[in-house]
Amino acid sequence: NEPGVLVGGAHGAAYLLARTENINYERRIEEDFFMAGLEWVESRGADVASISLGYKDWYTFADFNDYNSPISTHLTVAAQLGMLVCVANGNEGLEGIGAPADAELVLAVGAVGDDDRRTFFSSVGPSADGRLKPDVSALGANMVLANGRAPYALRVGSGTSYSAPLTAAAAALVMERHPHWTAMMVREAFMATASISDAPNTDLGYGIMHVMRAIKYEPRTRCRRTRRAHDAVVASATAAGATAAPDHHHARDRYRGGGDGDDGGGAVKRGDYFDTDYFDGDGDGNV
């Protein structure tokens with residue numbers, strides 16, 4: 001780093017950029033655009049996704065339960081295919097979260113100020129089915145940002161839309177340090193080492209994420225994904241309308257499990273996609 005030079009949190013990372021929002025309207029078709037963009041980046045092997053959008057207009061709060069929103073379901077499939085998904089928890093304050101922050105296996109990120117307290121706009125949890133949200137929090141107030149309206153110009157902004165990419169950048173650093181960790185191991189590391197992990201709440205989740213503590217963490221997740229399980233996930237996703245992901249995952253050891261192309265990670269989601277046997281990390285019959 002050089003004094004006076006703004007450097008991104010994951011300097012040197014490679015990026016795939018997808019714009020799925022139409023700022024001229026807010027319609028359900030934008031969820032289709034989003035799902036197409038997600039499939040595009042996943043099919044190209046993205047390890048981390050940073051998502052700064054949310055939908056509430058055509059839902060009721062009862063729908064934010066991980067499976068009533070198609071974009072939340074898509075993100076669950078993406079997580080099971082090995083992608084760490086960081087999602088802005090929303091800027092609705094006490095009105096609560098929306099989709100896709102309700103997805104169970106994402107890392108939903110709330111916003112704090114420089115006083116380490118939840119900002120007034122950061123959406124509080126829980127999800128409609130009572131799960132803790134957000135999962136973690138990160139700085140999201142008075143952020144110095146690149147100004148897209150002028151070259152080399154900066155601006156100041158606030159929102160969980162800035163907390164999520166900050167966390168995604170931190171996740172990239174953890175993955176660089178631990179290239180064989182699964183996405184769910186990285187997610188566990190952030191949650192287990194956050195500032196209030198011993199007493200999580202619906203304001204901050206497990207607390208403010210801490211990169212160095214996450215890097216030094218020893219994950220308990222030791223999940224093995226079999227080829228049968230991978231095929232079941234892809235088949236279920238395709239039946240639900242998603243494009244089947246190409247089988248490059250095993251060829252390049254996408255699941256980061258150990259090198260034979262069949263090891264991988266995840267954490268179980270209730271529903272049709274998964275078997276508990278391949279998520280039982282310690283063999284005790286519990287997931």
# chains A, B, ... in the order shown; residues from 1 in each chain; ligands from 1
>>> closest_atom_pairs(of="range 58-175 of chain A", to="range 186-200 of chain A", cutoff="8 Å", atoms="only C-alpha atoms", output="tab-separated table")
residue	atom	partner	partner_atom	distance
A:Leu84	CA	A:Arg187	CA	7.3
A:Leu107	CA	A:Arg187	CA	6.7
A:Asp135	CA	A:Met191	CA	6.8
A:Val136	CA	A:Met191	CA	6.3
A:Ala171	CA	A:Val186	CA	6.9
A:Val174	CA	A:Val186	CA	7.1
A:Met175	CA	A:Val186	CA	7.3
>>> closest_atom_pairs(of="range 87-177 of chain A", to="range 67-82 of chain A", cutoff="10 Å", atoms="only C-alpha atoms", output="Markdown table")
| residue | atom | partner | partner_atom | distance |
| --- | --- | --- | --- | --- |
| A:Val87 | CA | A:Leu75 | CA | 9.7 |
| A:Gly98 | CA | A:Ser69 | CA | 9.5 |
| A:Ala99 | CA | A:Ser72 | CA | 6.2 |
| A:Pro100 | CA | A:Ser72 | CA | 4.6 |
| A:Ala101 | CA | A:Ser72 | CA | 7.4 |
| A:Asp102 | CA | A:Ser72 | CA | 6.8 |
| A:Ala103 | CA | A:Ser72 | CA | 4.9 |
| A:Glu104 | CA | A:Thr76 | CA | 7.0 |
| A:Leu105 | CA | A:Thr76 | CA | 5.9 |
| A:Val106 | CA | A:Ala79 | CA | 7.0 |
| A:Leu107 | CA | A:Ala79 | CA | 9.9 |
>>> closest_residue(among="A:Pro151, A:Gly157, A:Gly113, A:Gly125", to="Leu139 in chain A", atoms="only C-alpha atoms")
A:Gly113
>>> atom_distance(atom1="CA of Ala164 in chain A", atom2="CA of Val109 in chain A")
5.5 Å
>>> closest_atom_pairs(of="range 77-174 of chain A", to="range 51-61 of chain A", cutoff="10 Å", atoms="only C-alpha atoms", output="tab-separated table")
residue	atom	partner	partner_atom	distance
A:Val85	CA	A:Ile51	CA	7.5
A:Cys86	CA	A:Ile51	CA	6.1
A:Val87	CA	A:Ile51	CA	4.8
A:Ala88	CA	A:Ser52	CA	5.0
A:Asn89	CA	A:Gly54	CA	8.1
A:Gly90	CA	A:Gly54	CA	6.7
A:Asn91	CA	A:Gly54	CA	9.3
A:Glu95	CA	A:Phe61	CA	9.2
A:Gly96	CA	A:Phe61	CA	8.2
A:Ile97	CA	A:Phe61	CA	8.1
A:Gly98	CA	A:Lys56	CA	5.5
A:Ala99	CA	A:Tyr55	CA	5.3
A:Pro100	CA	A:Gly54	CA	6.0
A:Ala101	CA	A:Gly54	CA	7.3
A:Asp102	CA	A:Gly54	CA	9.9
A:Ala108	CA	A:Ile51	CA	9.5
A:Val109	CA	A:Ser52	CA	9.9
A:Ser127	CA	A:Phe61	CA	8.3
A:Ala128	CA	A:Phe61	CA	6.3
A:Asp129	CA	A:Phe61	CA	9.8
A:Gly159	CA	A:Ser52	CA	9.3
A:Thr160	CA	A:Ser52	CA	7.4
A:Ser161	CA	A:Ser52	CA	4.7
A:Tyr162	CA	A:Ser52	CA	7.8
A:Ser163	CA	A:Ser52	CA	9.0
A:Ala164	CA	A:Ser52	CA	6.9
A:Pro165	CA	A:Ile51	CA	7.6
A:Ala168	CA	A:Ile51	CA	9.2
>>> closest_residue(among="A:Leu17, A:Arg177, A:Asn147, A:Asp116", to="Arg44 in chain A", atoms="only C-alpha atoms")
A:Leu17
>>> select_by_dssp(residues="range 36-251 of chain A", states="alpha helix (DSSP H)", output="number ranges by chain")
A: 36-43, 70-80, 160-177, 183-193, 211-216, 227-239, 248-251
